[in-house]
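Novice: For reference, this is protein-v8.cif, and it has mmCIF, C-alpha atoms.
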data_coords
loop_
_atom_site.label_atom_id
_atom_site.label_comp_id
_atom_site.auth_asym_id
_atom_site.auth_seq_id
_atom_site.Cartn_x
_atom_site.Cartn_y
_atom_site.Cartn_z
CA MET A 1008 -47.52 -162.82 127.87
CA ILE A 1009 -45.79 -160.27 130.01
CA SER A 1010 -44.38 -162.97 132.29
CA ARG A 1011 -42.81 -164.69 129.28
CA THR A 1012 -40.81 -161.55 128.48
CA LEU A 1013 -39.51 -161.15 132.03
CA LEU A 1014 -35.89 -162.14 132.56
CA PRO A 1015 -35.00 -164.96 134.95
CA PRO A 1016 -34.05 -163.53 138.38
CA ARG A 1017 -30.31 -164.22 138.00
CA THR A 1018 -30.14 -162.63 134.57
CA ALA A 1019 -32.17 -159.67 135.74
CA ALA A 1020 -29.81 -159.21 138.69
CA ALA A 1021 -26.80 -159.46 136.38
CA VAL A 1022 -28.25 -156.64 134.27
CA LEU A 1023 -29.71 -154.45 136.99
CA VAL A 1024 -26.97 -154.54 139.63
CA PRO A 1025 -24.28 -152.97 137.41
CA LEU A 1026 -26.82 -150.36 136.26
CA LEU A 1027 -27.71 -149.49 139.85
CA LEU A 1028 -24.02 -149.33 140.76
CA LEU A 1029 -23.41 -146.99 137.84
CA GLN A 1030 -26.23 -144.80 139.10
CA ALA A 1031 -24.84 -144.79 142.63
CA PHE A 1032 -21.20 -144.34 141.60
CA PRO A 1033 -21.03 -142.34 138.38
CA ALA A 1034 -17.95 -142.74 136.19
CA ARG A 1035 -14.95 -140.74 137.30
CA ALA A 1036 -11.93 -139.37 135.56
CA ALA A 1037 -8.87 -141.57 135.61
CA ASP A 1038 -7.32 -139.58 138.45
CA GLY A 1039 -10.34 -140.26 140.67
CA GLN A 1040 -11.86 -136.77 140.49
CA GLU A 1041 -15.17 -136.83 142.35
CA ALA A 1042 -16.35 -133.23 142.03
CA LEU A 1043 -15.67 -130.10 140.02
CA ARG A 1044 -13.04 -127.99 141.71
CA SER A 1045 -11.89 -124.38 141.53
CA LEU A 1046 -8.85 -123.30 139.55
CA VAL A 1047 -5.51 -124.71 140.74
CA LYS A 1048 -3.38 -122.37 142.82
CA ALA A 1049 0.35 -121.77 143.20
CA GLY A 1050 1.92 -124.45 145.34
CA GLU A 1051 -0.42 -127.27 144.27
CA LYS A 1052 0.81 -130.25 142.30
CA ALA A 1053 -0.27 -130.02 138.66
CA PRO A 1054 -2.35 -132.90 137.30
CA ALA A 1055 -1.07 -134.96 134.36
CA PHE A 1056 -3.13 -135.60 131.25
CA SER A 1057 -2.96 -137.34 127.94
CA LEU A 1058 -4.99 -136.13 124.95
CA VAL A 1059 -4.83 -136.32 121.18
CA ASP A 1060 -4.52 -133.48 118.67
CA VAL A 1061 -6.75 -132.92 115.61
CA ASP A 1062 -4.76 -135.57 113.71
CA GLY A 1063 -4.88 -138.14 116.48
CA ASN A 1064 -1.31 -137.57 117.66
CA ASP A 1065 -0.58 -137.83 121.37
CA VAL A 1066 -0.43 -134.58 123.36
CA SER A 1067 0.59 -135.47 126.88
CA PHE A 1068 1.52 -133.37 129.87
CA ARG A 1069 3.70 -135.07 132.47
CA PRO A 1070 4.39 -132.57 135.26
CA GLY A 1071 7.63 -133.05 137.15
CA ASP A 1072 9.69 -134.15 134.17
CA GLY A 1073 12.23 -131.40 134.90
CA ARG A 1074 10.94 -128.92 132.36
CA ALA A 1075 8.63 -126.01 133.15
CA ALA A 1076 5.37 -125.74 131.21
CA LEU A 1077 2.59 -123.31 130.45
CA VAL A 1078 -0.74 -125.10 129.94
CA VAL A 1079 -3.24 -122.96 128.03
CA PHE A 1080 -6.96 -123.82 127.95
CA TRP A 1081 -8.94 -122.15 125.16
CA SER A 1082 -11.90 -122.26 122.78
CA VAL A 1083 -12.18 -121.40 119.11
CA PHE A 1084 -15.43 -119.52 119.85
CA CYS A 1085 -13.95 -117.37 122.58
CA PRO A 1086 -13.06 -113.93 121.19
CA LEU A 1087 -10.69 -113.23 124.08
CA CYS A 1088 -8.80 -116.44 123.28
CA ARG A 1089 -8.40 -115.33 119.68
CA GLU A 1090 -7.23 -111.93 120.83
CA LEU A 1091 -4.67 -113.26 123.28
CA MET A 1092 -3.43 -116.23 121.27
CA PRO A 1093 -0.80 -114.23 119.32
CA GLY A 1094 0.67 -113.15 122.67
CA ILE A 1095 0.75 -116.73 123.89
CA ASN A 1096 2.32 -117.79 120.61
CA GLY A 1097 4.91 -115.05 121.09
CA PHE A 1098 5.59 -116.40 124.58
CA ALA A 1099 6.16 -119.85 123.05
CA ALA A 1100 8.59 -118.32 120.55
CA ARG A 1101 10.58 -116.49 123.24
CA HIS A 1102 10.53 -119.03 126.04
CA GLY A 1103 9.67 -122.32 124.34
CA ALA A 1104 13.14 -123.77 124.91
CA ALA A 1105 12.77 -123.50 128.68
CA VAL A 1106 9.00 -123.46 129.14
CA ARG A 1107 7.04 -125.92 127.08
CA VAL A 1108 3.65 -124.55 126.02
CA VAL A 1109 0.80 -127.05 125.80
CA GLY A 1110 -2.60 -126.00 124.44
CA VAL A 1111 -5.85 -127.66 125.47
CA ASN A 1112 -8.93 -126.97 123.36
CA LEU A 1113 -12.28 -127.23 125.13
CA ASP A 1114 -14.72 -127.24 122.21
CA GLY A 1115 -15.47 -130.94 122.06
CA ARG A 1116 -15.10 -133.42 119.25
CA ARG A 1117 -18.00 -132.01 117.20
CA PHE A 1118 -15.88 -128.94 116.57
CA THR A 1119 -12.63 -130.63 115.60
CA GLY A 1120 -13.02 -129.19 112.08
CA ASN A 1121 -13.26 -125.63 113.48
CA VAL A 1122 -10.17 -126.23 115.60
CA ARG A 1123 -8.29 -127.60 112.61
CA SER A 1124 -9.19 -124.51 110.52
CA TYR A 1125 -8.13 -122.16 113.31
CA LEU A 1126 -4.82 -123.94 113.78
CA ALA A 1127 -4.17 -123.76 110.03
CA GLU A 1128 -4.85 -119.99 110.11
CA THR A 1129 -2.72 -119.20 113.12
CA ALA A 1130 0.26 -121.57 112.88
CA LEU A 1131 0.64 -122.00 116.64
CA ARG A 1132 4.13 -122.93 117.81
CA PHE A 1133 2.88 -125.44 120.37
CA PRO A 1134 0.82 -128.64 120.35
CA VAL A 1135 -2.90 -128.52 121.08
CA GLY A 1136 -4.73 -131.46 122.61
CA LEU A 1137 -8.50 -131.84 122.37
CA ASP A 1138 -10.07 -132.17 125.80
CA ASP A 1139 -12.85 -134.70 126.13
CA LEU A 1140 -15.26 -136.02 128.69
CA ARG A 1141 -14.32 -139.17 130.55
CA GLY A 1142 -17.30 -140.04 132.71
CA ASP A 1143 -18.49 -136.87 134.43
CA PHE A 1144 -15.30 -134.88 133.97
CA PHE A 1145 -13.08 -133.49 131.26
CA ILE A 1146 -9.74 -135.27 131.12
CA ALA A 1147 -7.55 -132.16 131.33
CA SER A 1148 -9.54 -129.05 132.21
CA ASP A 1149 -11.58 -130.33 135.16
CA PRO A 1150 -8.60 -131.59 137.21
CA PHE A 1151 -7.10 -128.10 136.71
CA GLY A 1152 -10.41 -126.50 137.77
CA VAL A 1153 -10.75 -124.48 134.57
CA GLU A 1154 -13.97 -122.42 134.49
CA LYS A 1155 -13.16 -119.59 132.06
CA THR A 1156 -11.33 -119.33 128.77
CA PRO A 1157 -8.61 -118.61 128.18
CA THR A 1158 -6.85 -119.94 131.28
CA ALA A 1159 -3.08 -120.32 131.55
CA VAL A 1160 -1.35 -122.36 134.24
CA LEU A 1161 2.40 -122.12 134.78
CA VAL A 1162 4.01 -125.26 136.17
CA ASP A 1163 7.66 -125.55 137.21
CA GLY A 1164 9.98 -128.42 136.36
CA GLY A 1165 9.12 -130.16 139.61
CA GLY A 1166 5.44 -130.31 138.67
CA THR A 1167 4.28 -127.57 141.05
CA VAL A 1168 1.86 -124.88 139.91
CA ARG A 1169 3.55 -121.46 140.03
CA GLY A 1170 0.54 -119.43 138.97
CA ALA A 1171 -2.80 -119.53 137.16
CA TRP A 1172 -4.38 -116.72 135.16
CA ALA A 1173 -7.92 -116.72 133.73
CA ALA A 1174 -9.70 -114.55 131.14
CA ASP A 1175 -8.51 -110.90 131.16
CA ARG A 1176 -5.85 -111.65 133.79
CA ILE A 1177 -3.81 -113.41 131.10
CA ARG A 1178 -2.92 -109.91 129.89
CA GLU A 1179 -1.07 -109.41 133.20
CA PHE A 1180 0.75 -112.70 132.73
CA LEU A 1181 1.79 -111.82 129.20
CA SER A 1182 2.97 -108.35 130.15
CA GLU A 1183 5.08 -109.71 133.00
CA ALA A 1184 5.93 -113.07 131.47
CA ASP A 1185 9.67 -112.50 131.14
CA ALA A 1186 10.04 -111.72 134.84
CA ILE A 1187 7.64 -114.51 135.88
CA VAL A 1188 9.41 -117.27 133.97
CA SER A 1189 12.97 -116.07 134.57
CA PRO A 1190 13.43 -118.04 137.84
CA LEU A 1191 12.07 -121.16 136.12
CA GLN A 1192 14.57 -120.81 133.30
CA GLN A 1193 17.33 -120.76 135.89
CA GLY A 1194 16.11 -124.11 137.10
CA LYS A 1195 14.88 -122.86 140.47
CA SER A 1196 12.05 -124.67 142.15
CA PRO A 1197 9.58 -123.27 144.69
CA GLY A 1198 11.10 -122.32 148.00
CA GLN A 1199 14.51 -121.48 146.61
CA MET B 755 9.74 -85.93 118.65
CA SER B 756 6.75 -88.16 118.51
CA LEU B 757 6.08 -90.42 115.58
CA ILE B 758 2.84 -88.62 114.80
CA SER B 759 4.35 -85.15 114.66
CA ARG B 760 7.19 -86.42 112.47
CA ARG B 761 4.71 -87.92 110.02
CA ARG B 762 2.78 -84.67 109.79
CA LYS B 763 5.86 -82.85 108.57
CA GLU B 764 6.78 -85.34 105.89
CA PRO B 765 6.08 -83.91 102.43
CA HIS B 766 5.22 -87.28 100.88
CA CYS B 767 2.99 -88.49 103.64
CA MET B 768 0.34 -91.07 102.82
CA PRO B 769 -2.88 -89.64 101.34
CA GLY B 770 -5.82 -89.72 103.74
CA ILE B 771 -7.72 -92.50 102.01
CA TYR B 772 -4.68 -94.79 101.99
CA ARG B 773 -3.98 -93.97 105.59
CA LEU B 774 -7.54 -94.96 106.46
CA ALA B 775 -7.15 -98.18 104.50
CA VAL B 776 -3.94 -99.01 106.38
CA ILE B 777 -5.59 -98.26 109.74
CA ALA B 778 -8.58 -100.44 108.79
CA ALA B 779 -6.29 -103.27 107.72
CA ALA B 780 -4.29 -103.00 110.96
CA LEU B 781 -7.48 -103.00 113.03
CA SER B 782 -8.78 -106.04 111.20
CA VAL B 783 -5.63 -107.87 112.24
CA LEU B 784 -5.54 -106.56 115.81
CA LEU B 785 -9.24 -107.00 116.56
CA PRO B 786 -10.13 -110.64 116.02
CA GLY B 787 -13.41 -110.89 114.19
CA PRO B 788 -15.86 -113.77 114.06
CA ALA B 789 -14.91 -116.66 111.80
CA SER B 790 -17.99 -116.16 109.62
CA ALA B 791 -21.25 -114.20 109.56
CA LEU B 792 -24.41 -115.32 111.30
CA CYS B 793 -26.89 -116.95 108.95
CA VAL B 794 -29.95 -115.04 110.15
CA ASP B 795 -30.83 -111.78 108.45
CA VAL B 796 -32.32 -108.66 109.93
CA GLY B 797 -35.85 -108.29 108.55
CA LYS B 798 -36.40 -112.03 108.12
CA PRO B 799 -37.77 -114.75 110.40
CA VAL B 800 -35.48 -117.15 112.25
CA PRO B 801 -35.47 -120.93 111.83
CA ALA B 802 -38.04 -122.82 113.91
CA LEU B 803 -36.45 -123.92 117.16
CA THR B 804 -37.52 -126.12 120.06
CA LEU B 805 -35.03 -126.87 122.82
CA PRO B 806 -35.16 -128.33 126.32
CA SER B 807 -34.67 -125.92 129.19
CA ILE B 808 -32.21 -126.61 131.98
CA ASP B 809 -35.29 -127.41 134.10
CA GLY B 810 -36.49 -130.04 131.63
CA GLN B 811 -39.27 -128.05 129.92
CA SER B 812 -39.62 -128.04 126.14
CA VAL B 813 -39.42 -124.46 124.87
CA SER B 814 -40.40 -123.42 121.35
CA LEU B 815 -39.62 -120.02 119.83
CA ASP B 816 -43.02 -120.00 118.12
CA SER B 817 -44.77 -119.83 121.47
CA PHE B 818 -43.47 -116.30 122.13
CA LYS B 819 -45.09 -114.56 119.16
CA GLY B 820 -46.54 -111.28 120.41
CA LYS B 821 -43.56 -110.61 122.67
CA ILE B 822 -40.13 -109.16 122.02
CA VAL B 823 -37.67 -112.04 122.27
CA LEU B 824 -34.03 -111.60 123.20
CA LEU B 825 -31.91 -114.66 122.39
CA ALA B 826 -28.62 -114.79 124.25
CA PHE B 827 -26.17 -117.42 123.03
CA TRP B 828 -23.68 -118.09 125.79
CA ALA B 829 -21.41 -120.53 127.61
CA SER B 830 -20.31 -120.64 131.23
CA TRP B 831 -16.62 -120.50 130.26
CA CYS B 832 -17.19 -117.21 128.42
CA PRO B 833 -16.02 -114.30 130.59
CA ARG B 834 -18.36 -111.71 128.98
CA CYS B 835 -21.46 -113.92 129.08
CA GLU B 836 -22.11 -113.37 132.79
CA GLU B 837 -22.12 -109.64 132.17
CA GLU B 838 -24.48 -110.16 129.22
CA LEU B 839 -26.94 -112.38 131.11
CA THR B 840 -27.08 -110.14 134.19
CA PHE B 841 -27.75 -107.13 131.95
CA LEU B 842 -30.56 -109.04 130.19
CA GLN B 843 -32.00 -110.09 133.56
CA GLY B 844 -32.51 -106.40 134.36
CA VAL B 845 -34.25 -105.85 131.01
CA TYR B 846 -36.41 -108.95 131.53
CA LYS B 847 -37.49 -107.93 135.02
CA ALA B 848 -38.30 -104.39 134.00
CA SER B 849 -40.42 -105.26 130.96
CA GLY B 850 -43.48 -107.49 130.80
CA ASP B 851 -43.45 -107.54 126.99
CA ILE B 852 -39.93 -109.01 126.74
CA VAL B 853 -38.86 -112.64 126.92
CA VAL B 854 -35.22 -113.57 127.31
CA LEU B 855 -34.03 -117.03 126.28
CA ALA B 856 -30.43 -117.89 127.09
CA ILE B 857 -29.21 -120.66 124.81
CA ASN B 858 -26.26 -122.51 126.33
CA GLN B 859 -23.80 -123.62 123.67
CA GLU B 860 -21.51 -125.82 125.72
CA SER B 861 -24.29 -128.28 126.53
CA GLN B 862 -23.46 -130.41 123.49
CA ASN B 863 -20.49 -131.77 125.39
CA ILE B 864 -20.87 -131.54 129.16
CA SER B 865 -21.92 -133.84 131.97
CA ASN B 866 -24.56 -133.53 134.67
CA ALA B 867 -21.84 -132.28 137.02
CA HIS B 868 -21.27 -129.31 134.72
CA ILE B 869 -25.01 -128.71 134.36
CA GLU B 870 -25.20 -128.51 138.16
CA ARG B 871 -22.39 -125.97 138.18
CA ILE B 872 -24.24 -123.91 135.56
CA ARG B 873 -27.41 -124.04 137.69
CA LYS B 874 -25.43 -122.80 140.67
CA ALA B 875 -23.92 -119.96 138.64
CA LEU B 876 -27.35 -118.91 137.32
CA LYS B 877 -28.64 -118.81 140.88
CA GLU B 878 -25.71 -116.66 141.98
CA TRP B 879 -26.29 -114.32 139.06
CA LYS B 880 -30.04 -114.23 139.95
CA ILE B 881 -31.08 -115.29 136.43
CA ASP B 882 -34.69 -116.45 136.27
CA PHE B 883 -35.47 -116.38 132.54
CA PRO B 884 -35.42 -119.72 130.68
CA VAL B 885 -32.00 -121.21 129.98
CA LEU B 886 -32.03 -123.66 127.09
CA LEU B 887 -29.61 -126.48 126.33
CA ASP B 888 -28.47 -126.84 122.72
CA ARG B 889 -27.43 -130.47 123.08
CA ASN B 890 -27.72 -131.30 119.38
CA LEU B 891 -26.40 -127.95 118.15
CA ASP B 892 -29.73 -127.15 116.46
CA ALA B 893 -29.50 -123.48 117.40
CA TRP B 894 -25.75 -123.31 116.82
CA ASN B 895 -26.10 -124.60 113.28
CA GLY B 896 -29.41 -122.86 112.54
CA PHE B 897 -28.01 -119.44 113.44
CA CYS B 898 -24.37 -120.11 112.37
CA ILE B 899 -23.03 -119.00 115.74
CA ASN B 900 -19.29 -118.46 115.70
CA ALA B 901 -18.48 -116.41 118.80
CA LEU B 902 -19.94 -115.98 122.26
CA PRO B 903 -21.81 -114.10 123.47
CA THR B 904 -24.07 -113.50 120.48
CA SER B 905 -27.38 -111.64 120.76
CA VAL B 906 -30.42 -111.86 118.51
CA ILE B 907 -33.53 -109.74 118.99
CA LEU B 908 -36.88 -110.77 117.48
CA ASP B 909 -39.85 -108.45 117.22
CA ARG B 910 -43.40 -109.46 118.14
CA LYS B 911 -43.87 -111.20 114.79
CA GLY B 912 -40.70 -113.28 115.18
CA ILE B 913 -38.73 -111.16 112.71
CA VAL B 914 -35.01 -110.57 113.37
CA ARG B 915 -34.36 -106.95 114.31
CA TYR B 916 -30.81 -107.38 115.53
CA ALA B 917 -28.23 -110.16 115.30
CA GLU B 918 -24.60 -109.76 116.28
CA ALA B 919 -21.77 -111.35 118.15
CA ASN B 920 -21.31 -108.73 120.82
CA TYR B 921 -18.08 -109.41 122.56
CA TYR B 922 -16.46 -106.28 121.23
CA TRP B 923 -18.91 -104.56 118.97
CA ALA B 924 -22.40 -104.33 120.33
CA THR B 925 -23.34 -102.32 123.34
CA GLN B 926 -26.10 -102.56 125.85
CA ASP B 927 -27.22 -99.14 124.58
CA ARG B 928 -27.71 -100.62 121.10
CA ILE B 929 -29.88 -103.43 122.49
CA ALA B 930 -31.96 -100.88 124.40
CA GLU B 931 -32.27 -98.82 121.21
CA VAL B 932 -33.55 -101.78 119.17
CA ILE B 933 -36.13 -102.59 121.84
CA ARG B 934 -37.25 -98.96 121.84
CA GLU B 935 -37.61 -99.01 118.03
CA ILE B 936 -39.70 -102.18 118.15
CA ARG B 937 -41.98 -100.64 120.76
CA GLN B 938 -42.37 -97.52 118.66
CA GLY B 939 -43.43 -99.73 115.74
CA LYS B 940 -40.48 -98.77 113.52
CA GLU B 941 -39.79 -101.17 110.67
#
Starting from the file, give its structure as structure tokens.

Specialist:
Amino acid sequence: MISRTLLPPRTAAAVLVPLLLLQAFPARAADGQEALRSLVKAGEKAPAFSLVDVDGNDVSFRPGDGRAALVVFWSVFCPLCRELMPGINGFAARHGAAVRVVGVNLDGRRFTGNVRSYLAETALRFPVGLDDLRGDFFIASDPFGVEKTPTAVLVDGGGTVRGAWAADRIREFLSEADAIVSPLQQGKSPGQ
Amino acid sequence: MSLISRRRKEPHCMPGIYRLAVIAAALSVLLPGPASALCVDVGKPVPALTLPSIDGQSVSLDSFKGKIVLLAFWASWCPRCEEELTFLQGVYKASGDIVVLAINQESQNISNAHIERIRKALKEWKIDFPVLLDRNLDAWNGFCINALPTSVILDRKGIVRYAEANYYWATQDRIAEVIREIRQGKE
């Protein structure tokens, strides 16, 4: 009886080999990330990403398109994010013309409703993409090496990271933001 | 002249109660509060809960009746949670009648690579109480968690004696006080 339920060898191989390969080589993010990394540092090239917002609209970040950007990773359930978000929104209001702000929410698709409610309450002046797992890694936050929320990464128009601030350190960024982004607004790139 | 001293001299200054109301309103805007209240009440039992630990064991709240149970809802991305867990580790080590259960709230949407990173962090922080994974959001929904970290303290009968999101409001002194009250048998 048992032998009747066994698959023919070729069929069994066709089923098992891909499974074994998956076990040996787990799925990777599109950019080939193989391990979790630490937070990006000034001078590194910023990774690109493409996400969707709560309504399914595209929220993409293409570093090196000539325009500086501030990428902000956050969670609805993070009190520090809620505290600092008005400051980040203020930054978007002051510098949005020269420095595009892109939000990345890390709460996962089960909490899309919570994100939607928060966005309705706060009227952020920048788009927010919903990060999601692709294989073992999150599409946006893992290539940036995000470990704490909030995290803000400033990227110049050439696609190079100019600075990264996590958790309480974002206060420093916000207090010195005008001076930090001034060279970027003048179109300078690293080394100039 | 400072703004405060100028206000003091104004003849039609705001009456005290209105001034307090304005300050309270301003604080409510400046200090971000939780989105909604927890749905466990002090003096009442908590919902039944069984979750897998990060080491693969099945852990049920019921099994800790007779001990004081500290529930710490946390996530690795939460800057204050490390501080919270290391504080609770000290309490756990110092007291044989206390159990700490750290309930990880990001585990509904992470991969094995992230679990490994959490394990590494717990080792660095020297945490050796059980860490539970809330993969199906049973705890999240059962307790109506809305901010991290959140602490809940159960007495020896499984009754809630303390439940608060404690990013800004609660203090380690308050947790110590609640434990002391439970030990002294206060209702």

Novice: Could you tell me, as a list in words, exactly which residues end up selected when the PyMOL selection byres ((chain B) within 6 of (chain A)) is applied to this structure?

Specialist: Pro786, Trp831, Cys832, Ser865, Asn900 and Ala901 of chain B

Novice: Just the selected residues (C-alpha atoms), exported as a short mmCIF file (atom, residue, chain, number, x, y, z; two decimals), keeping the file's coordinate frame, please.

Specialist:
data_model
loop_
_atom_site.label_atom_id
_atom_site.label_comp_id
_atom_site.auth_asym_id
_atom_site.auth_seq_id
_atom_site.Cartn_x
_atom_site.Cartn_y
_atom_site.Cartn_z
CA PRO B 786 -10.13 -110.64 116.02
CA TRP B 831 -16.62 -120.50 130.26
CA CYS B 832 -17.19 -117.21 128.42
CA SER B 865 -21.92 -133.84 131.97
CA ASN B 900 -19.29 -118.46 115.70
CA ALA B 901 -18.48 -116.41 118.80
#

Novice: Which polymer residues have any atom within 9 Å of an atom of Arg1107 (chain A), counting all atoms listed in the file, with same-chain residues fewer than 2 positions away left out, as a PyMOL selection string?

Specialist: chain A and resi 1074-1078+1099+1102-1105+1109+1133

Novice: Write out, as a short mmCIF file (atom, residue, chain, number, x, y, z; two decimals), in the coordinates of the input, the residues just selected, with C-alpha atoms.

Specialist:
data_model
loop_
_atom_site.label_atom_id
_atom_site.label_comp_id
_atom_site.auth_asym_id
_atom_site.auth_seq_id
_atom_site.Cartn_x
_atom_site.Cartn_y
_atom_site.Cartn_z
CA ARG A 1074 10.94 -128.92 132.36
CA ALA A 1075 8.63 -126.01 133.15
CA ALA A 1076 5.37 -125.74 131.21
CA LEU A 1077 2.59 -123.31 130.45
CA VAL A 1078 -0.74 -125.10 129.94
CA ALA A 1099 6.16 -119.85 123.05
CA HIS A 1102 10.53 -119.03 126.04
CA GLY A 1103 9.67 -122.32 124.34
CA ALA A 1104 13.14 -123.77 124.91
CA ALA A 1105 12.77 -123.50 128.68
CA VAL A 1109 0.80 -127.05 125.80
CA PHE A 1133 2.88 -125.44 120.37
#

Novice: Translate the PyMOL selection byres ((chain A and resi 1049-1065) around 8), as applied to the file shown, into an explicit residue set as a PyMOL selection string.

Specialist: chain A and resi 1047-1048+1066-1070+1119+1122-1123+1134-1138+1146-1147+1150-1151+1162+1166-1171+1197

Novice: List the neighbours of Arg1132 (chain A) out to 10 Å using all atoms listed in the file; skip same-chain residues closer than 6 positions along the sequence, and give me the result as number ranges by chain.

Specialist: A: 1095-1100, 1103, 1108-1110, 1126

Novice: Let me know the residues the PyMOL selection byres ((chain B and resi 882-888) around 7) catches in the file above, as a ChimeraX atom specification.

Specialist: /B:805-808,854-859,861-862,880-881,889-893

Novice: Rounded to one decimal in Å, what is the spacing between CA of Leu803 (chain B) and CA of Leu815 (chain B)?

Specialist: 5.7 Å

Novice: Would you mind telling me which residue in B:Ala848, B:Val813, B:Ile933, B:Leu842 lies nearest to Arg910 (chain B) when using only C-alpha atoms?

Specialist: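 The closest residue to Arg910 (chain B) is B:Ile933.
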
Novice: Measure the distance from CA of Tyr916 (chain B) to CA of Val796 (chain B) in Å and round it to one decimal.

Specialist: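 Taking CA of Tyr916 (chain B) and CA of Val796 (chain B), their separation equals 5.9 Å.
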
Novice: Between CA of Arg1176 (chain A) and CA of Thr904 (chain B), what is the distance in Å, rounded to a tenth?

Specialist: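 Atom-to-atom, CA of Arg1176 (chain A) and CA of Thr904 (chain B) are spaced 22.6 Å apart.
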
Novice: Do a neighbour search on Gly939 (chain B) at 12 Å with all atoms listed in the file, toss out local chain neighbours closer than 3 positions, and write the hits as a short mmCIF file (atom, residue, chain, number, x, y, z; two decimals) with C-alpha atoms, keeping the file's coordinate frame.

Specialist:
data_model
loop_
_atom_site.label_atom_id
_atom_site.label_comp_id
_atom_site.auth_asym_id
_atom_site.auth_seq_id
_atom_site.Cartn_x
_atom_site.Cartn_y
_atom_site.Cartn_z
CA ILE B 822 -40.13 -109.16 122.02
CA ASP B 909 -39.85 -108.45 117.22
CA ARG B 910 -43.40 -109.46 118.14
CA LYS B 911 -43.87 -111.20 114.79
CA ARG B 915 -34.36 -106.95 114.31
CA VAL B 932 -33.55 -101.78 119.17
CA ILE B 933 -36.13 -102.59 121.84
CA ARG B 934 -37.25 -98.96 121.84
CA GLU B 935 -37.61 -99.01 118.03
CA ILE B 936 -39.70 -102.18 118.15
#

Novice: From the list A:Arg1178, A:Val1106, A:Val1188, A:Val1160, which residue is nearest Met1092 (chain A) when using all atoms listed in the file?

Specialist: A:Arg1178

Novice: A:Gln1192, A:Ala1186, A:Gly1165, A:Glu1179: which is nearest Gly1073 (chain A), counting only C-alpha atoms?

Specialist: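 Checking each of A:Gln1192, A:Ala1186, A:Gly1165, A:Glu1179 against Gly1073 (chain A), counting only C-alpha atoms, the winner is A:Gly1165.
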
Novice: Using the atoms already present, construct N, CA, C and O atoms for region 1103-1113 of chain A and hand them back as a compact mmCIF listing (two decimals), in the frame of the given file.

Specialist:
# COMPACT_ATOMS: atom_id res chain seq x y z
N GLY A 1103 9.99 -120.92 124.60
CA GLY A 1103 9.67 -122.32 124.34
C GLY A 1103 10.77 -123.30 124.70
O GLY A 1103 10.50 -124.45 125.07
N ALA A 1104 12.03 -122.85 124.61
CA ALA A 1104 13.14 -123.77 124.91
C ALA A 1104 13.14 -124.17 126.38
O ALA A 1104 13.48 -125.30 126.73
N ALA A 1105 12.74 -123.23 127.24
CA ALA A 1105 12.77 -123.50 128.68
C ALA A 1105 11.40 -123.84 129.25
O ALA A 1105 11.28 -124.58 130.22
N VAL A 1106 10.36 -123.26 128.65
CA VAL A 1106 9.00 -123.46 129.14
C VAL A 1106 8.16 -124.03 128.01
O VAL A 1106 7.81 -123.32 127.06
N ARG A 1107 7.84 -125.27 128.13
CA ARG A 1107 7.04 -125.92 127.08
C ARG A 1107 5.60 -125.40 127.16
O ARG A 1107 5.03 -125.35 128.26
N VAL A 1108 5.04 -124.99 126.03
CA VAL A 1108 3.65 -124.55 126.02
C VAL A 1108 2.79 -125.71 125.48
O VAL A 1108 3.13 -126.32 124.47
N VAL A 1109 1.72 -125.99 126.21
CA VAL A 1109 0.80 -127.05 125.80
C VAL A 1109 -0.61 -126.44 125.73
O VAL A 1109 -1.08 -125.89 126.71
N GLY A 1110 -1.24 -126.52 124.58
CA GLY A 1110 -2.60 -126.00 124.44
C GLY A 1110 -3.63 -127.10 124.67
O GLY A 1110 -3.38 -128.26 124.33
N VAL A 1111 -4.74 -126.71 125.28
CA VAL A 1111 -5.85 -127.66 125.47
C VAL A 1111 -7.11 -126.98 124.96
O VAL A 1111 -7.53 -125.94 125.49
N ASN A 1112 -7.70 -127.54 123.92
CA ASN A 1112 -8.93 -126.97 123.36
C ASN A 1112 -10.15 -127.61 124.01
O ASN A 1112 -10.21 -128.82 124.18
N LEU A 1113 -11.13 -126.76 124.35
CA LEU A 1113 -12.28 -127.23 125.13
C LEU A 1113 -13.56 -127.39 124.32
O LEU A 1113 -14.63 -127.56 124.89
